[in-house]
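Novice: Structure in C-alpha cells, see below.
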Amino acid sequence: MTFHRGRFAPSPSGRLHFGSLVAALGSWLFARADNGEWLVRIEDFDRERVVPGAADDILATLHAFGFDSDRPVIHQSERDEVYRAALRRLEDAGQVYPCWCSRADLAAFGGIHPQNCIARPDPARAPAWRLRVPDESIAFLDAVQGEQRQDLRREVGDFVVWRVEKTVAYQLAVVVDDAAQGITAVVRGADLLDSTPRQILLQRLLDLPRLQYAHLPLALGADGRKLSKHELALPVDGDDPLPALRAALRFLGQPLPPARNVRDLLSAALEEFDAGRIPCAPSAPAPFAALRKDVC
C-alpha cells in the first residue's frame, strides 16, 4: 500500500484530545513513511458545533507535537460554493432528490431510508437532499482493518448529502475536499470505517479518484465510549507533549525509541514505523495515566 499525500481533518468543536492525537500521529506516520506530504483541513462546515478559537488552538497544539501542514490549511466554512457545485452536478445527473423525511419517519424502517419518501413535501421548510443508492455492494481493502464490504442499499439506504439546514453533509464535503487537496490516502479513526463505502460511491459518481484507506483503533474513555470533544475528553498538553506522544505511539503498537524532544522522537519513530504492528481491533482504552501530570 503506497501513500503519497495524507491528511488530518479535525473539527474545531473543542481542544485536541488523545483520540485526535492518535489520528494525527497515525496519518503523519503513514504519509512520511512513503516520503509523502501531510496536510491539515479544518472541518468546520457545521457552524453550530464550532467553538470560537478552537481551530487556532488545534493548529497550535499540532505544532507543539511536531505536526505542521505541508500546504496551506483549508477551512470547509470557506468552501460552500464548491459543495453546491458538486450537489448541482449530482442533481443534474438525477442522482439526488429532495426529502422531507425526519428520523422519526424512518424509525419504523430501522433508520434506513426506504427509497420512497414517507413525509409529504413541505414548502414551509427546506428539504434535505439524498443520494440514490444503487443495489450493489462496495468493497475495499483497508490497510489496518483488512477486507471490507458493505451492501449500501440494505445497510445504509439513500443517505443525505445536503442537510435541511441548507449546508453540506459530511459525506459529500469530505469527498470533494479530499479530491481538491489531492489526497491519495486517508488514515483516520475506525468510527469512520462505515462511512467509507458511501464516500467511494460519491467518488465514482463525481468522477473523482478512489483513495486508499487505513482505519486506526479508537481510543475509548473510562466509560467505554469514544473520546470526543463534545464529551469533554481531556485535552492533550502542548506544553509537555512527550508523554502523550509516547502514549499515542504505544497505542498504535509502535516501539518507543529513546528521545529527549519531540523532533527526535518523531524522527526515531518514523524510522521504526511498522503499519503491521497497528492493532486491528476497532477500539481500545486510552492510557490516561500517560496524559496527565496529576495521575500517578
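All residue names refer to the C-alpha cells as shown: chains lettered A, B, ... in order, residues numbered from 1 in each chain, ligands numbered from 1 in order.
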Step one, run DSSP on the backbone; step two, keep only residues of region 17-251 of chain A assigned to alpha helix (DSSP H); then write them as a PyMOL selection string.

Specialist: chain A and resi 18-33+54-64+80-92+103-106+152-155+170-180+196-205+241-251

Novice: Neighbouring residues of Ser20 (chain A) were defined as those with any atom within 10 Å, considering only C-alpha atoms; residues of the same chain fewer than 5 positions away were excluded. Please report them as a ChimeraX atom specification.

Specialist: /A:8-11,15,25-26,58,188-189,218-219,227-229,235-236,248

Novice: Filtering to C-alpha atoms, could you give me those residues as a CSV table (one decimal), in the first residue's frame?

Specialist:
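Writing the result to again-v9.csv gives the following:
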chain,number,residue,atom,x,y,z
A,8,PHE,CA,-5.6,15.2,9.2
A,9,ALA,CA,-9.1,16.8,9.3
A,10,PRO,CA,-10.2,17.8,12.8
A,11,SER,CA,-13.5,19.6,13.6
A,15,ARG,CA,-9.4,21.2,22.1
A,25,LEU,CA,0.1,10.8,14.5
A,26,GLY,CA,-1.1,7.8,12.5
A,58,ILE,CA,-5.8,22.8,17.5
A,188,ARG,CA,-8.4,8.1,10.4
A,189,GLY,CA,-10.3,6.5,13.3
A,218,LEU,CA,-10.4,4.3,18.5
A,219,ALA,CA,-9.3,5.5,21.9
A,227,LEU,CA,-13.2,10.0,23.3
A,228,SER,CA,-14.7,13.1,21.8
A,229,LYS,CA,-14.5,16.9,22.2
A,235,PRO,CA,-7.1,17.7,26.0
A,236,VAL,CA,-3.5,16.8,25.4
A,248,ALA,CA,0.0,7.5,21.2

Novice: Env of Gln181 (chain A): 12 Å cut, atoms = only C-alpha atoms, seq-sep filter 4 positions within chain, self excluded. Answer as a list in words.

Specialist: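 Near Gln181 (chain A), the qualifying residues are His4, Arg5, Gly6, Arg7, Phe8, Ala9, Glu37, Trp38, Leu39, Val40, Arg41, Ser69, Asp70, Arg71, Pro72, Val73, Ile74, His75, Gln76, Val174, Val175, Val176, Asp177, Ala185, Val186, Leu208 and Pro209 of chain A.
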
Novice: Quick one: write out the picked residues with N, CA and C atoms as a PDB file, in the first residue's frame?

Specialist:
ATOM      1  N   HIS A   4       0.957   8.699  -0.724  1.00  0.00           N
ATOM      2  CA  HIS A   4       1.645   9.844  -1.308  1.00  0.00           C
ATOM      3  C   HIS A   4       1.272  11.151  -0.605  1.00  0.00           C
ATOM      4  N   ARG A   5       0.005  11.370  -0.382  1.00  0.00           N
ATOM      5  CA  ARG A   5      -0.422  12.574   0.324  1.00  0.00           C
ATOM      6  C   ARG A   5      -1.548  12.215   1.289  1.00  0.00           C
ATOM      7  N   GLY A   6      -1.296  12.426   2.568  1.00  0.00           N
ATOM      8  CA  GLY A   6      -2.295  12.155   3.596  1.00  0.00           C
ATOM      9  C   GLY A   6      -2.808  13.440   4.203  1.00  0.00           C
ATOM     10  N   ARG A   7      -3.708  13.301   5.167  1.00  0.00           N
ATOM     11  CA  ARG A   7      -4.279  14.494   5.792  1.00  0.00           C
ATOM     12  C   ARG A   7      -4.809  14.173   7.172  1.00  0.00           C
ATOM     13  N   PHE A   8      -4.967  15.220   7.953  1.00  0.00           N
ATOM     14  CA  PHE A   8      -5.643  15.164   9.245  1.00  0.00           C
ATOM     15  C   PHE A   8      -6.704  16.245   9.202  1.00  0.00           C
ATOM     16  N   ALA A   9      -7.948  15.885   9.524  1.00  0.00           N
ATOM     17  CA  ALA A   9      -9.063  16.811   9.323  1.00  0.00           C
ATOM     18  C   ALA A   9      -9.917  16.914  10.586  1.00  0.00           C
ATOM     19  N   GLU A  37       3.452  13.889   1.519  1.00  0.00           N
ATOM     20  CA  GLU A  37       3.037  15.120   2.183  1.00  0.00           C
ATOM     21  C   GLU A  37       1.946  14.822   3.196  1.00  0.00           C
ATOM     22  N   TRP A  38       1.840  15.700   4.174  1.00  0.00           N
ATOM     23  CA  TRP A  38       0.810  15.594   5.215  1.00  0.00           C
ATOM     24  C   TRP A  38       0.121  16.943   5.321  1.00  0.00           C
ATOM     25  N   LEU A  39      -1.196  16.958   5.114  1.00  0.00           N
ATOM     26  CA  LEU A  39      -1.969  18.194   5.083  1.00  0.00           C
ATOM     27  C   LEU A  39      -2.953  18.246   6.232  1.00  0.00           C
ATOM     28  N   VAL A  40      -3.369  19.451   6.578  1.00  0.00           N
ATOM     29  CA  VAL A  40      -4.383  19.656   7.606  1.00  0.00           C
ATOM     30  C   VAL A  40      -5.570  20.387   6.991  1.00  0.00           C
ATOM     31  N   ARG A  41      -6.755  19.928   7.336  1.00  0.00           N
ATOM     32  CA  ARG A  41      -8.002  20.576   6.910  1.00  0.00           C
ATOM     33  C   ARG A  41      -8.878  20.776   8.135  1.00  0.00           C
ATOM     34  N   SER A  69       1.206  21.363   8.720  1.00  0.00           N
ATOM     35  CA  SER A  69       0.726  21.050   7.386  1.00  0.00           C
ATOM     36  C   SER A  69       1.751  21.461   6.333  1.00  0.00           C
ATOM     37  N   ASP A  70       1.954  20.597   5.340  1.00  0.00           N
ATOM     38  CA  ASP A  70       2.900  20.892   4.267  1.00  0.00           C
ATOM     39  C   ASP A  70       2.347  21.881   3.255  1.00  0.00           C
ATOM     40  N   ARG A  71       1.066  22.136   3.323  1.00  0.00           N
ATOM     41  CA  ARG A  71       0.425  23.108   2.436  1.00  0.00           C
ATOM     42  C   ARG A  71      -0.538  23.959   3.265  1.00  0.00           C
ATOM     43  N   PRO A  72      -1.008  25.083   2.703  1.00  0.00           N
ATOM     44  CA  PRO A  72      -1.917  25.935   3.474  1.00  0.00           C
ATOM     45  C   PRO A  72      -3.131  25.167   3.986  1.00  0.00           C
ATOM     46  N   VAL A  73      -3.494  25.434   5.227  1.00  0.00           N
ATOM     47  CA  VAL A  73      -4.665  24.798   5.840  1.00  0.00           C
ATOM     48  C   VAL A  73      -5.925  25.350   5.186  1.00  0.00           C
ATOM     49  N   ILE A  74      -6.853  24.476   4.825  1.00  0.00           N
ATOM     50  CA  ILE A  74      -8.125  24.952   4.281  1.00  0.00           C
ATOM     51  C   ILE A  74      -9.216  24.757   5.322  1.00  0.00           C
ATOM     52  N   HIS A  75     -10.239  25.616   5.228  1.00  0.00           N
ATOM     53  CA  HIS A  75     -11.379  25.578   6.141  1.00  0.00           C
ATOM     54  C   HIS A  75     -12.640  25.295   5.330  1.00  0.00           C
ATOM     55  N   GLN A  76     -13.407  24.306   5.731  1.00  0.00           N
ATOM     56  CA  GLN A  76     -14.615  23.968   4.992  1.00  0.00           C
ATOM     57  C   GLN A  76     -15.629  25.106   4.987  1.00  0.00           C
ATOM     58  N   VAL A 174     -16.373  15.771   2.567  1.00  0.00           N
ATOM     59  CA  VAL A 174     -15.056  15.135   2.692  1.00  0.00           C
ATOM     60  C   VAL A 174     -14.572  14.599   1.349  1.00  0.00           C
ATOM     61  N   VAL A 175     -15.479  14.104   0.525  1.00  0.00           N
ATOM     62  CA  VAL A 175     -15.092  13.590  -0.787  1.00  0.00           C
ATOM     63  C   VAL A 175     -14.610  14.728  -1.687  1.00  0.00           C
ATOM     64  N   VAL A 176     -15.344  15.821  -1.691  1.00  0.00           N
ATOM     65  CA  VAL A 176     -14.963  16.973  -2.512  1.00  0.00           C
ATOM     66  C   VAL A 176     -13.619  17.538  -2.060  1.00  0.00           C
ATOM     67  N   ASP A 177     -13.435  17.654  -0.757  1.00  0.00           N
ATOM     68  CA  ASP A 177     -12.205  18.254  -0.236  1.00  0.00           C
ATOM     69  C   ASP A 177     -10.991  17.354  -0.417  1.00  0.00           C
ATOM     70  N   ALA A 185      -4.499   9.071   0.197  1.00  0.00           N
ATOM     71  CA  ALA A 185      -4.728   8.057   1.224  1.00  0.00           C
ATOM     72  C   ALA A 185      -5.296   8.703   2.473  1.00  0.00           C
ATOM     73  N   VAL A 186      -6.324   8.083   3.027  1.00  0.00           N
ATOM     74  CA  VAL A 186      -6.996   8.591   4.222  1.00  0.00           C
ATOM     75  C   VAL A 186      -6.702   7.656   5.386  1.00  0.00           C
ATOM     76  N   LEU A 208     -14.202  11.283  -9.401  1.00  0.00           N
ATOM     77  CA  LEU A 208     -13.040  11.658  -8.601  1.00  0.00           C
ATOM     78  C   LEU A 208     -12.190  10.418  -8.320  1.00  0.00           C
ATOM     79  N   PRO A 209     -10.910  10.605  -8.042  1.00  0.00           N
ATOM     80  CA  PRO A 209     -10.039   9.445  -7.788  1.00  0.00           C
ATOM     81  C   PRO A 209     -10.491   8.654  -6.565  1.00  0.00           C
TER      82      PRO A 209
END

Novice: Give me the region 228-282 of chain A side of the contact with region 134-150 of chain A, cut-off 10 Å, one line per residue showing its nearest atom pair and distance in Å at one decimal, counting only C-alpha atoms, sorted by chain and residue number, as a tab-separated table.

Specialist:
residue	atom	partner	partner_atom	distance
A:Ala275	CA	A:Val144	CA	7.5
A:Gly276	CA	A:Val144	CA	7.5
A:Arg277	CA	A:Val144	CA	9.1
A:Ile278	CA	A:Val144	CA	6.9
A:Pro279	CA	A:Val144	CA	7.5
A:Cys280	CA	A:Gln145	CA	5.3
A:Ala281	CA	A:Gln145	CA	7.8
A:Pro282	CA	A:Gln145	CA	7.9

Novice: So which residues touch Ala269 (chain A) within 10 Å, counting only C-alpha atoms, skipping near sequence neighbours fewer than 3 positions away, as number ranges by chain?

Specialist: A: 29, 246, 249, 254-259, 263-266, 272-274

Novice: CA of Gly157 (chain A) and CA of Ala107 (chain A), how far apart in Å?

Specialist: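 Those two atoms sit 13.0 Å apart.
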
Novice: Just the number, please: distance in Å from CA of Pro114 (chain A) to CA of Tyr97 (chain A), one decimal.

Specialist: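 Atom-to-atom, CA of Pro114 (chain A) to CA of Tyr97 (chain A), that is 13.3 Å.
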
Novice: Write out as a list in words the residues lying within 6 Å of region 122-127 of chain A, counting only C-alpha atoms and excluding same-chain residues fewer than 3 positions away.

Specialist: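 Returned residues: Pro98, Cys99, Trp100 and Val164 of chain A.
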
Novice: Would you mind writing down, as a PyMOL selection string, each residue of region 123-220 of chain A that DSSP on the backbone assigns to strand (DSSP E)?

Specialist: chain A and resi 128-131+137-142+146-151+160-162+185-189+212-216+218-220
